[in-house]
file protein.txt (compact mmCIF, C-alpha atoms)
# COMPACT_ATOMS: atom_id res chain seq x y z
CA MET A 928 28.60 69.46 29.97
CA SER A 929 26.55 71.88 32.07
CA ALA A 930 24.01 74.24 30.56
CA TRP A 931 26.04 77.22 31.81
CA ALA A 932 29.21 75.99 30.09
CA ILE A 933 27.29 75.56 26.85
CA LEU A 934 25.90 79.06 27.31
CA ALA A 935 29.43 80.44 27.70
CA ILE A 936 30.60 78.71 24.52
CA THR A 937 27.65 79.91 22.46
CA MET A 938 28.07 83.46 23.79
CA ALA A 939 31.75 83.53 22.83
CA ILE A 940 30.97 82.30 19.31
CA GLN A 941 28.09 84.76 18.91
CA ALA A 942 30.19 87.67 20.16
CA MET A 943 33.11 86.92 17.85
CA VAL A 944 30.99 86.56 14.70
CA SER A 945 29.09 89.73 15.63
CA ALA A 946 32.37 91.59 16.16
CA ALA A 947 33.55 90.44 12.73
CA ALA A 948 30.33 91.72 11.15
CA LEU A 949 30.77 95.12 12.82
CA ALA A 950 34.49 95.44 12.14
CA GLY A 951 33.90 96.97 8.70
CA PRO A 952 31.44 99.60 9.94
CA VAL A 953 33.65 100.50 12.92
CA LEU A 954 36.68 101.07 10.66
CA ALA A 955 34.62 102.37 7.73
CA SER A 956 36.45 105.68 7.35
CA ASP A 957 39.89 104.06 7.16
CA ILE A 958 38.80 101.17 4.92
CA ALA A 959 36.76 103.36 2.57
CA GLY A 960 39.69 105.73 2.23
CA SER A 961 42.03 102.88 1.32
CA ILE A 962 39.58 101.43 -1.20
CA GLY A 963 38.77 104.83 -2.66
CA VAL A 964 34.99 104.77 -2.17
CA ALA A 965 32.60 107.02 -0.27
CA VAL A 966 32.02 106.07 3.35
CA GLU A 967 28.27 106.39 2.69
CA LEU A 968 28.46 103.08 0.82
CA LEU A 969 28.82 101.43 4.22
CA GLY A 970 25.05 100.86 4.13
CA ILE A 971 25.45 98.60 1.10
CA TYR A 972 28.15 96.58 2.88
CA VAL A 973 25.89 96.02 5.90
CA ALA A 974 22.92 95.14 3.66
CA ILE A 975 25.02 92.50 1.86
CA ILE A 976 25.97 90.89 5.18
CA TYR A 977 22.36 90.55 6.31
CA ALA A 978 21.06 89.50 2.89
CA ALA A 979 23.59 86.65 2.86
CA ALA A 980 22.67 85.82 6.46
CA ALA A 981 18.99 85.61 5.49
CA LEU A 982 19.77 82.99 2.86
CA THR A 983 21.92 80.73 5.04
CA SER A 984 19.47 80.97 7.93
CA LEU A 985 17.02 79.00 5.77
CA VAL A 986 19.42 76.05 5.41
CA SER A 987 20.84 76.25 8.93
CA GLY A 988 18.53 73.55 10.29
CA ASP A 989 19.73 71.00 7.75
CA MET A 990 23.35 72.03 8.34
CA VAL A 991 23.03 71.57 12.11
CA HIS A 992 21.46 68.13 11.70
CA ARG A 993 24.10 67.04 9.19
CA HIS A 994 27.23 68.38 10.86
CA GLY A 995 26.33 69.29 14.44
CA PRO A 996 25.92 72.74 16.01
CA ILE A 997 29.57 73.16 17.05
CA ARG A 998 30.91 72.22 13.62
CA VAL A 999 28.46 74.65 12.00
CA SER A 1000 29.57 77.35 14.45
CA GLN A 1001 33.21 76.65 13.58
CA ILE A 1002 32.37 77.01 9.88
CA ALA A 1003 30.74 80.36 10.70
CA LEU A 1004 33.86 81.54 12.50
CA PHE A 1005 36.14 80.51 9.63
CA LEU A 1006 33.83 82.26 7.14
CA ALA A 1007 33.98 85.40 9.26
CA ALA A 1008 37.78 85.20 9.38
CA ALA A 1009 37.94 84.73 5.60
CA GLY A 1010 35.65 87.71 5.10
CA LEU A 1011 37.90 89.93 7.20
CA LEU A 1012 40.94 88.70 5.28
CA LEU A 1013 39.30 89.80 2.04
CA LEU A 1014 38.76 93.26 3.52
CA LEU A 1015 42.53 93.50 3.97
CA ALA A 1016 42.90 93.58 0.19
CA ALA A 1017 41.26 97.05 0.16
CA LYS A 1018 39.51 96.36 -3.15
CA THR A 1019 35.83 96.94 -3.86
CA LEU A 1020 35.08 93.44 -5.15
CA ALA A 1021 37.06 91.87 -2.32
CA ALA A 1022 35.07 93.90 0.22
CA ILE A 1023 31.80 92.75 -1.36
CA ALA A 1024 32.95 89.12 -1.31
CA GLY A 1025 34.08 89.54 2.28
CA ALA A 1026 30.66 90.87 3.27
CA VAL A 1027 29.04 87.84 1.63
CA LEU A 1028 31.29 85.41 3.52
CA ILE A 1029 30.69 87.12 6.87
CA GLY A 1030 26.95 87.09 6.21
CA LEU A 1031 26.96 83.40 5.29
CA GLY A 1032 28.53 82.66 8.66
CA TYR A 1033 26.35 85.10 10.57
CA GLY A 1034 23.18 83.42 9.34
CA VAL A 1035 23.89 80.01 10.90
CA VAL A 1036 25.31 80.99 14.30
CA THR A 1037 22.04 81.71 16.11
CA PRO A 1038 20.20 78.58 14.85
CA ALA A 1039 23.17 76.44 15.91
CA SER A 1040 23.18 77.93 19.41
CA SER A 1041 19.39 77.61 19.65
CA HIS A 1042 19.74 73.89 18.93
CA LEU A 1043 22.23 73.51 21.76
CA LEU A 1044 20.30 75.57 24.28
CA ALA A 1045 16.93 74.00 23.43
CA HIS A 1046 18.41 70.58 24.28
CA ASN A 1047 20.10 71.69 27.49
CA THR A 1048 17.92 74.40 29.09
CA PRO A 1049 14.88 73.81 31.33
CA ARG A 1050 11.79 75.31 29.70
CA GLU A 1051 11.08 77.53 32.68
CA ARG A 1052 14.49 79.25 32.25
CA MET A 1053 14.61 79.50 28.46
CA GLY A 1054 13.71 83.20 28.31
CA LEU A 1055 16.58 84.23 30.57
CA VAL A 1056 19.15 81.80 29.14
CA PHE A 1057 18.42 82.71 25.52
CA SER A 1058 18.51 86.39 26.45
CA ILE A 1059 21.89 85.98 28.15
CA LYS A 1060 23.20 84.25 25.04
CA GLN A 1061 21.91 87.07 22.83
CA THR A 1062 23.92 89.60 24.81
CA GLY A 1063 26.78 88.19 22.75
CA VAL A 1064 25.59 90.39 19.86
CA PRO A 1065 25.96 93.78 21.61
CA LEU A 1066 29.03 92.48 23.46
CA GLY A 1067 30.57 91.76 20.08
CA GLY A 1068 29.73 95.31 19.07
CA ILE A 1069 31.29 96.68 22.24
CA LEU A 1070 34.40 94.55 21.61
CA ALA A 1071 34.72 95.91 18.07
CA ALA A 1072 34.09 99.50 19.17
CA LEU A 1073 36.56 99.43 22.07
CA VAL A 1074 39.38 97.40 20.53
CA LEU A 1075 39.51 98.19 16.82
CA PRO A 1076 39.81 102.02 16.76
CA PRO A 1077 42.73 102.33 19.22
CA MET A 1078 44.52 99.42 17.55
CA ALA A 1079 43.97 101.03 14.15
CA ILE A 1080 45.42 104.32 15.42
CA ALA A 1081 48.44 102.58 16.94
CA PHE A 1082 49.19 99.91 14.34
CA GLY A 1083 46.99 100.55 11.31
CA TRP A 1084 43.55 99.21 10.38
CA ARG A 1085 44.95 96.11 8.64
CA THR A 1086 46.73 94.98 11.80
CA SER A 1087 43.61 95.47 13.90
CA LEU A 1088 41.54 93.40 11.47
CA GLY A 1089 44.26 90.76 11.46
CA VAL A 1090 43.95 90.41 15.23
CA PHE A 1091 40.22 89.76 14.83
CA VAL A 1092 40.94 87.16 12.16
CA LEU A 1093 43.17 85.33 14.62
CA ALA A 1094 40.56 85.68 17.37
CA CYS A 1095 37.90 84.04 15.17
CA VAL A 1096 40.23 81.15 14.41
CA LEU A 1097 41.18 80.80 18.09
CA VAL A 1098 37.56 80.59 19.24
CA ALA A 1099 36.89 77.97 16.55
CA LEU A 1100 39.86 75.88 17.73
CA VAL A 1101 38.91 76.16 21.41
CA SER A 1102 35.35 75.02 20.65
CA GLU A 1103 36.78 71.81 19.16
CA THR A 1104 37.46 70.59 22.70
CA CYS A 1105 33.72 70.12 23.32
CA ARG A 1106 32.61 69.14 19.84
CA GLY A 1107 32.58 65.40 20.51
CA SER A 1108 29.83 65.57 23.11
CA LEU A 1109 27.82 68.49 21.76
CA ASP A 1110 27.71 67.26 18.16
CA ALA A 1111 26.86 63.69 19.13
CA ASP A 1112 23.26 63.99 17.91
CA ARG A 1113 24.15 64.84 14.31
CA GLN A 1114 22.48 62.58 11.77
CA VAL A 1115 22.49 61.60 8.13
CA VAL A 1116 20.05 63.81 6.23
CA GLN A 1117 18.93 62.75 2.77
CA GLY A 1118 18.59 65.25 -0.05
CA ARG A 1119 19.61 68.86 -0.38
CA PRO A 1120 18.68 71.65 2.03
CA ASN A 1121 15.23 73.00 1.14
CA MET A 1122 14.90 76.78 1.57
CA ILE A 1123 11.32 76.90 0.30
CA GLY A 1124 10.34 74.05 2.61
CA ALA A 1125 11.74 75.92 5.60
CA LEU A 1126 9.71 79.02 4.77
CA ARG A 1127 6.59 76.95 4.05
CA GLY A 1128 6.87 75.27 7.44
CA LEU A 1129 7.21 78.64 9.14
CA TRP A 1130 4.31 80.23 7.29
CA SER A 1131 1.93 77.31 7.83
CA HIS A 1132 2.16 77.65 11.61
CA PRO A 1133 0.19 80.63 13.00
CA SER A 1134 2.32 81.16 16.12
CA MET A 1135 5.56 80.97 14.16
CA ARG A 1136 4.21 83.24 11.46
CA GLY A 1137 3.17 85.87 13.98
CA LEU A 1138 6.56 85.81 15.70
CA ALA A 1139 8.37 86.09 12.37
CA MET A 1140 6.29 89.14 11.38
CA THR A 1141 7.02 90.66 14.76
CA SER A 1142 10.76 90.07 14.38
CA PHE A 1143 10.72 91.82 10.97
CA ALA A 1144 9.43 95.01 12.60
CA PHE A 1145 11.65 94.75 15.69
CA ALA A 1146 14.78 94.16 13.61
CA ALA A 1147 13.97 97.20 11.48
CA ILE A 1148 13.44 99.49 14.48
CA GLN A 1149 16.61 98.18 16.16
CA LEU A 1150 18.77 99.02 13.15
CA ILE A 1151 17.03 102.37 12.70
CA LEU A 1152 17.81 103.30 16.30
CA THR A 1153 21.44 102.14 16.29
CA GLY A 1154 22.11 103.41 12.77
CA TYR A 1155 20.50 106.86 12.94
CA LEU A 1156 20.52 107.96 16.59
CA VAL A 1157 23.93 109.64 16.39
CA THR A 1158 23.09 111.35 13.10
CA PHE A 1159 19.75 112.54 14.54
CA LEU A 1160 21.38 113.95 17.66
CA VAL A 1161 24.11 115.73 15.69
CA GLU A 1162 21.99 117.08 12.83
CA ALA A 1163 18.68 117.77 14.59
CA ARG A 1164 19.89 118.59 18.10
CA GLY A 1165 23.29 120.08 17.32
CA LEU A 1166 25.17 117.84 19.75
CA SER A 1167 28.84 117.08 19.29
CA LEU A 1168 29.77 113.74 17.80
CA ALA A 1169 31.30 112.69 21.12
CA ALA A 1170 28.14 113.55 23.08
CA ALA A 1171 25.91 111.80 20.55
CA GLY A 1172 28.15 108.74 20.63
CA GLY A 1173 27.93 108.70 24.42
CA ILE A 1174 24.12 108.67 24.28
CA LEU A 1175 24.22 105.82 21.75
CA ALA A 1176 26.54 103.90 24.10
CA LEU A 1177 23.98 104.37 26.89
CA ALA A 1178 21.24 103.10 24.59
CA GLN A 1179 23.34 100.05 23.69
CA ALA A 1180 24.08 99.35 27.35
CA SER A 1181 20.37 99.63 28.11
CA GLY A 1182 19.80 97.09 25.36
CA VAL A 1183 22.15 94.61 27.04
CA GLY A 1184 20.40 95.11 30.37
CA GLY A 1185 17.03 94.94 28.67
CA ARG A 1186 17.79 91.55 27.14
CA LEU A 1187 18.42 90.11 30.59
CA LEU A 1188 15.46 91.86 32.21
CA TRP A 1189 12.90 90.94 29.55
CA GLY A 1190 14.06 87.32 29.40
CA TRP A 1191 13.66 86.98 33.17
CA PHE A 1192 10.30 88.77 32.99
CA ALA A 1193 9.02 86.40 30.28
CA ASP A 1194 9.96 83.38 32.41
CA ARG A 1195 8.37 84.72 35.60
CA PHE A 1196 5.43 87.01 34.97
CA LEU A 1197 4.12 87.47 31.41
CA SER A 1198 3.95 85.40 28.26
CA ALA A 1199 6.48 86.04 25.50
CA ARG A 1200 3.78 87.63 23.36
CA GLN A 1201 2.83 90.02 26.14
CA VAL A 1202 6.44 91.00 26.80
CA LEU A 1203 7.01 91.63 23.10
CA GLY A 1204 3.81 93.68 23.02
CA LEU A 1205 5.11 95.75 25.92
CA LEU A 1206 8.40 96.35 24.10
CA ALA A 1207 6.58 97.28 20.90
CA GLY A 1208 4.54 99.79 22.91
CA LEU A 1209 7.66 101.30 24.48
CA SER A 1210 9.29 101.57 21.04
CA THR A 1211 6.15 103.26 19.70
CA THR A 1212 6.18 105.77 22.53
CA CYS A 1213 9.88 106.59 22.17
CA ALA A 1214 9.70 106.97 18.38
CA THR A 1215 6.65 109.23 18.81
CA ILE A 1216 8.52 111.44 21.28
CA PHE A 1217 11.41 111.76 18.83
CA ALA A 1218 8.95 112.62 16.06
CA LEU A 1219 6.99 115.23 18.01
CA ALA A 1220 9.46 116.68 20.50
CA GLY A 1221 12.89 115.25 19.77
CA GLN A 1222 14.27 118.50 18.37
CA ALA A 1223 13.03 120.61 21.28
CA ALA A 1224 13.06 118.35 24.35
CA PRO A 1225 15.73 118.93 27.05
CA ILE A 1226 18.85 116.84 26.61
CA MET A 1227 18.12 114.82 29.73
CA VAL A 1228 14.75 113.87 28.28
CA VAL A 1229 16.36 112.89 24.98
CA THR A 1230 18.96 110.81 26.83
CA THR A 1231 16.34 109.07 28.96
CA VAL A 1232 14.14 108.34 25.94
CA SER A 1233 17.17 106.98 24.07
CA MET A 1234 17.94 104.60 26.93
CA VAL A 1235 14.34 103.36 27.18
CA PHE A 1236 14.29 103.05 23.38
CA GLY A 1237 17.49 100.97 23.54
CA ALA A 1238 16.14 98.70 26.27
CA ALA A 1239 13.05 97.97 24.16
CA ALA A 1240 14.32 98.03 20.57
CA ILE A 1241 17.60 96.19 21.28
CA GLY A 1242 16.41 93.99 24.15
CA TRP A 1243 13.67 92.03 22.39
CA ASN A 1244 15.29 89.12 20.61
CA GLY A 1245 16.18 86.81 23.47
CA VAL A 1246 12.48 86.55 24.31
CA PHE A 1247 11.70 86.01 20.62
CA LEU A 1248 14.27 83.23 20.14
CA ALA A 1249 13.28 81.46 23.37
CA GLU A 1250 9.64 81.41 22.26
CA ILE A 1251 10.58 79.98 18.86
CA ALA A 1252 12.49 77.21 20.64
CA ARG A 1253 9.55 76.57 22.98
CA ILE A 1254 7.07 76.21 20.13
CA ALA A 1255 9.31 73.92 18.09
CA SER A 1256 10.28 70.44 19.15
CA LYS A 1257 13.89 70.14 20.30
CA SER A 1258 14.89 68.44 17.07
CA GLU A 1259 13.45 71.27 15.00
CA ALA A 1260 14.71 74.22 17.07
CA ALA A 1261 17.56 75.05 14.67
CA GLY A 1262 15.43 74.86 11.52
CA ALA A 1263 12.56 76.83 13.04
CA THR A 1264 14.96 79.49 14.33
CA GLY A 1265 16.66 79.78 10.95
CA ALA A 1266 13.37 80.18 9.09
CA ALA A 1267 12.15 82.83 11.55
CA LEU A 1268 15.48 84.66 11.31
CA PHE A 1269 15.00 84.95 7.55
CA MET A 1270 12.21 87.41 8.33
CA THR A 1271 14.36 89.08 11.01
CA TYR A 1272 17.21 89.72 8.59
CA ALA A 1273 14.73 90.88 5.95
CA GLY A 1274 13.67 93.57 8.44
CA VAL A 1275 17.31 94.58 8.87
CA VAL A 1276 17.71 94.94 5.10
CA ALA A 1277 14.38 96.75 4.53
CA GLY A 1278 14.00 98.97 7.60
CA PRO A 1279 16.94 101.42 7.42
CA PRO A 1280 16.50 102.18 3.68
CA ALA A 1281 12.79 102.88 4.25
CA PHE A 1282 13.67 105.21 7.13
CA ALA A 1283 16.34 106.87 4.97
CA PHE A 1284 13.79 107.47 2.20
CA LEU A 1285 11.38 109.20 4.58
CA LEU A 1286 14.24 111.14 6.15
CA SER A 1287 15.56 112.44 2.84
CA HIS A 1288 12.12 113.48 1.59
CA ALA A 1289 10.37 114.71 4.75
CA GLY A 1290 12.80 114.98 7.68
CA TYR A 1291 13.26 113.31 11.04
CA ALA A 1292 9.76 113.99 12.37
CA THR A 1293 8.11 112.10 9.51
CA ALA A 1294 10.71 109.32 9.53
CA PHE A 1295 10.32 108.64 13.25
CA GLY A 1296 6.57 109.05 12.87
CA GLY A 1297 6.56 106.29 10.26
CA ALA A 1298 8.60 104.05 12.58
CA ALA A 1299 6.18 104.77 15.43
CA THR A 1300 3.23 103.84 13.20
CA VAL A 1301 4.73 100.46 12.31
CA MET A 1302 5.54 99.64 15.94
CA GLY A 1303 2.07 100.82 17.00
CA ILE A 1304 0.56 98.29 14.60
CA MET A 1305 2.80 95.62 16.10
CA THR A 1306 1.66 96.59 19.60
CA VAL A 1307 -1.99 96.10 18.65
CA PHE A 1308 -1.16 92.84 16.89
CA LEU A 1309 0.69 91.42 19.89
CA LEU A 1310 -1.65 92.60 22.65
CA GLY A 1311 -4.97 92.84 20.83
CA ARG A 1312 -5.85 89.17 21.22
CA GLY A 1313 -5.16 89.04 24.94
CA ALA A 1314 -2.87 86.67 26.77
CA ASP A 1315 -1.70 83.73 24.72
CA LYS A 1316 -1.96 80.24 26.12
CA LYS A 1317 1.07 78.32 27.25
CA VAL A 1318 2.61 76.46 24.35
CA GLU A 1319 3.31 72.81 24.94
CA LYS A 1320 6.60 71.25 23.90
CA GLY A 1321 6.60 69.84 20.40
CA GLU A 1322 3.72 71.87 18.99
CA ILE A 1323 5.36 71.52 15.61
CA SER A 1324 7.62 68.76 14.45
call {"tool": "encode", "arguments": {"input": "protein.txt", "output": "structure tokens"}}
result
Amino acid sequence: MSAWAILAITMAIQAMVSAAALAGPVLASDIAGSIGVAVELLGIYVAIIYAAAALTSLVSGDMVHRHGPIRVSQIALFLAAAGLLLLLAAKTLAAIAGAVLIGLGYGVVTPASSHLLAHNTPRERMGLVFSIKQTGVPLGGILAALVLPPMAIAFGWRTSLGVFVLACVLVALVSETCRGSLDADRQVVQGRPNMIGALRGLWSHPSMRGLAMTSFAFAAIQLILTGYLVTFLVEARGLSLAAAGGILALAQASGVGGRLLWGWFADRFLSARQVLGLLAGLSTTCATIFALAGQAAPIMVVTTVSMVFGAAAIGWNGVFLAEIARIASKSEAAGATGAALFMTYAGVVAGPPAFAFLLSHAGYATAFGGAATVMGIMTVFLLGRGADKKVEKGEIS
């Protein structure tokens, strides 16, 4: 099977699992009303998804070796479907359990796709190919945002979720047609999956450790931007909800374009570390502008800054994942990716609450100032040691 066909399959799986993870937030007002809880508790639902994803990311390498990347991806899709089914019950405990199931599936999808792409992508194109694959995440968000609300209005939120359940199952069944060839390298693995061993392997390798720390900060700033931009524009700038949502959509679209641009840039011109340093610097600049002038700057300036912010803070992770796969040997790409993603998901869980704490106690200027400080430190960390040397295949095994 060609590398482009594999890319298409992994993108479809990534998009569908991402859409399932975002279905709850997109329909939060309807679901929360049916359950009888405050919509503000949405943050807890999202945190549960990513906390569960962090745990399964640590065992994803063993799972891929035991069962094959396509089988693991199918398991992820079925877990996502089961999680959405539990949401249909409109009960608090069922919603919590559903978030756990979706998170368990979410945590293994990226390592499984990294395994496939690492085995089938030329090293000189890995930045672009991995970045294209990672557009499945925002595409899944776009799918959820465009499809679920109108369906919920026309047929009810339960029907719209039911359609996504069927879509998850359909993608899993379609992927079975290529499982024989793509899962051919699965192997018998002795013993139980070792979470601590996966983290120890990550932390003992300087390049991996540095990338993981970087991903913690980038994941935090990404969720801060996507989670608080609309609220900031409405509360601090007085924009309508529709106008603020339009600016967020532009930021998301810039993130999709950024993923492709930065991946191509990392393959052609700069090292992955330098590209990530550039993106950290852009994020620092944008967060600083929001902190110092966001409440007074002209709307066109705010819109432009939001788009640049989106390109940097949403567009980083294809470069990150490609570099993880480059450093690791092909056989260890899934395990190394899963261990690094543990730190990524930890940033997702930790970043927004920290921002919310600063926001509630000191306002938007201080909150964005704190975010700018963290990303400024990351900029110095990534660029302060100069250009990194090319990493040879199989640096760790």
call {"tool": "atom_distance", "arguments": {"input": "protein.txt", "atom1": "atom CA of A:Trp1191", "atom2": "atom CA of A:Leu1205"}}
result
14.2 Å
call {"tool": "closest_residue", "arguments": {"input": "protein.txt", "among": "A:Gly1172, A:Val1229, A:Leu1197, A:Glu1162", "to": "A:Tyr1291", "atoms": "only C-alpha atoms"}}
result
A:Glu1162
call {"tool": "closest_residue", "arguments": {"input": "protein.txt", "among": "A:Trp1189, A:Phe1217, A:Tyr977, A:Tyr972", "to": "A:Thr1230", "atoms": "all atoms listed in the file"}}
result
A:Phe1217
call {"tool": "atom_distance", "arguments": {"input": "protein.txt", "atom1": "atom CA of A:His992", "atom2": "atom CA of A:Gly1010"}}
result
25.1 Å
call {"tool": "residues_around", "arguments": {"input": "protein.txt", "residues": "stretch 1145-1148 of chain A", "least_positions_apart": "4", "cutoff": "8 Å", "atoms": "only C-alpha atoms", "output": "list in words"}}
result
Thr1141, Leu1152, Ala1207, Ala1240, Trp1243, Thr1271, Tyr1272, Gly1274, Val1275, Val1276, Ala1277, Gly1278, Pro1279, Ala1298 and Met1302 of chain A
call {"tool": "closest_residue", "arguments": {"input": "protein.txt", "among": "A:Ala1026, A:Leu1188, A:Leu1168, A:Val1036", "to": "A:Ser984", "atoms": "all atoms listed in the file"}}
result
A:Val1036
call {"tool": "residues_around", "arguments": {"input": "protein.txt", "residues": "A:Leu1160", "least_positions_apart": "2", "cutoff": "12 Å", "atoms": "only C-alpha atoms", "output": "PyMOL selection string"}}
result
chain A and resi 1152-1158+1162-1175+1217+1221-1224+1226+1229-1230+1233+1291
call {"tool": "closest_residue", "arguments": {"input": "protein.txt", "among": "A:Gly1030, A:Pro1065, A:Gln1179, A:Leu1011", "to": "A:Val1096", "atoms": "only C-alpha atoms"}}
result
A:Leu1011
call {"tool": "build_atoms", "arguments": {"input": "protein.txt", "residues": "stretch 1177-1185 of chain A", "atoms": "all heavy atoms", "output": "mmCIF file, keeping the file's coordinate frame"}}
result
data_model
loop_
_atom_site.group_PDB
_atom_site.id
_atom_site.type_symbol
_atom_site.label_atom_id
_atom_site.label_comp_id
_atom_site.auth_asym_id
_atom_site.auth_seq_id
_atom_site.Cartn_x
_atom_site.Cartn_y
_atom_site.Cartn_z
ATOM 1 N N LEU A 1177 24.951 104.608 25.821
ATOM 2 C CA LEU A 1177 23.980 104.370 26.890
ATOM 3 C C LEU A 1177 22.791 103.563 26.377
ATOM 4 O O LEU A 1177 22.278 102.689 27.078
ATOM 5 C CB LEU A 1177 23.510 105.713 27.461
ATOM 6 C CG LEU A 1177 24.525 106.507 28.292
ATOM 7 C CD1 LEU A 1177 23.959 107.879 28.647
ATOM 8 C CD2 LEU A 1177 24.899 105.736 29.558
ATOM 9 N N ALA A 1178 22.346 103.860 25.166
ATOM 10 C CA ALA A 1178 21.240 103.100 24.590
ATOM 11 C C ALA A 1178 21.633 101.645 24.372
ATOM 12 O O ALA A 1178 20.839 100.725 24.631
ATOM 13 C CB ALA A 1178 20.801 103.742 23.266
ATOM 14 N N GLN A 1179 22.857 101.415 23.894
ATOM 15 C CA GLN A 1179 23.340 100.050 23.690
ATOM 16 C C GLN A 1179 23.447 99.306 25.017
ATOM 17 O O GLN A 1179 23.056 98.142 25.122
ATOM 18 C CB GLN A 1179 24.711 100.079 23.008
ATOM 19 C CG GLN A 1179 24.686 100.575 21.572
ATOM 20 C CD GLN A 1179 24.398 99.466 20.574
ATOM 21 O OE1 GLN A 1179 23.835 98.446 20.905
ATOM 22 N NE2 GLN A 1179 24.786 99.678 19.325
ATOM 23 N N ALA A 1180 23.978 99.977 26.032
ATOM 24 C CA ALA A 1180 24.080 99.350 27.350
ATOM 25 C C ALA A 1180 22.704 99.021 27.914
ATOM 26 O O ALA A 1180 22.503 97.963 28.527
ATOM 27 C CB ALA A 1180 24.833 100.277 28.310
ATOM 28 N N SER A 1181 21.734 99.904 27.680
ATOM 29 C CA SER A 1181 20.370 99.630 28.110
ATOM 30 C C SER A 1181 19.813 98.416 27.368
ATOM 31 O O SER A 1181 19.029 97.638 27.931
ATOM 32 C CB SER A 1181 19.478 100.850 27.853
ATOM 33 O OG SER A 1181 19.909 101.953 28.615
ATOM 34 N N GLY A 1182 20.229 98.255 26.116
ATOM 35 C CA GLY A 1182 19.800 97.090 25.360
ATOM 36 C C GLY A 1182 20.319 95.788 25.943
ATOM 37 O O GLY A 1182 19.600 94.787 26.001
ATOM 38 N N VAL A 1183 21.577 95.802 26.393
ATOM 39 C CA VAL A 1183 22.150 94.610 27.040
ATOM 40 C C VAL A 1183 21.373 94.289 28.317
ATOM 41 O O VAL A 1183 20.965 93.151 28.556
ATOM 42 C CB VAL A 1183 23.641 94.822 27.348
ATOM 43 C CG1 VAL A 1183 24.188 93.644 28.150
ATOM 44 C CG2 VAL A 1183 24.428 94.999 26.056
ATOM 45 N N GLY A 1184 21.168 95.325 29.150
ATOM 46 C CA GLY A 1184 20.400 95.110 30.370
ATOM 47 C C GLY A 1184 18.982 94.692 30.091
ATOM 48 O O GLY A 1184 18.407 93.838 30.786
ATOM 49 N N GLY A 1185 18.395 95.278 29.039
ATOM 50 C CA GLY A 1185 17.030 94.940 28.670
ATOM 51 C C GLY A 1185 16.901 93.483 28.268
ATOM 52 O O GLY A 1185 15.913 92.821 28.617
#
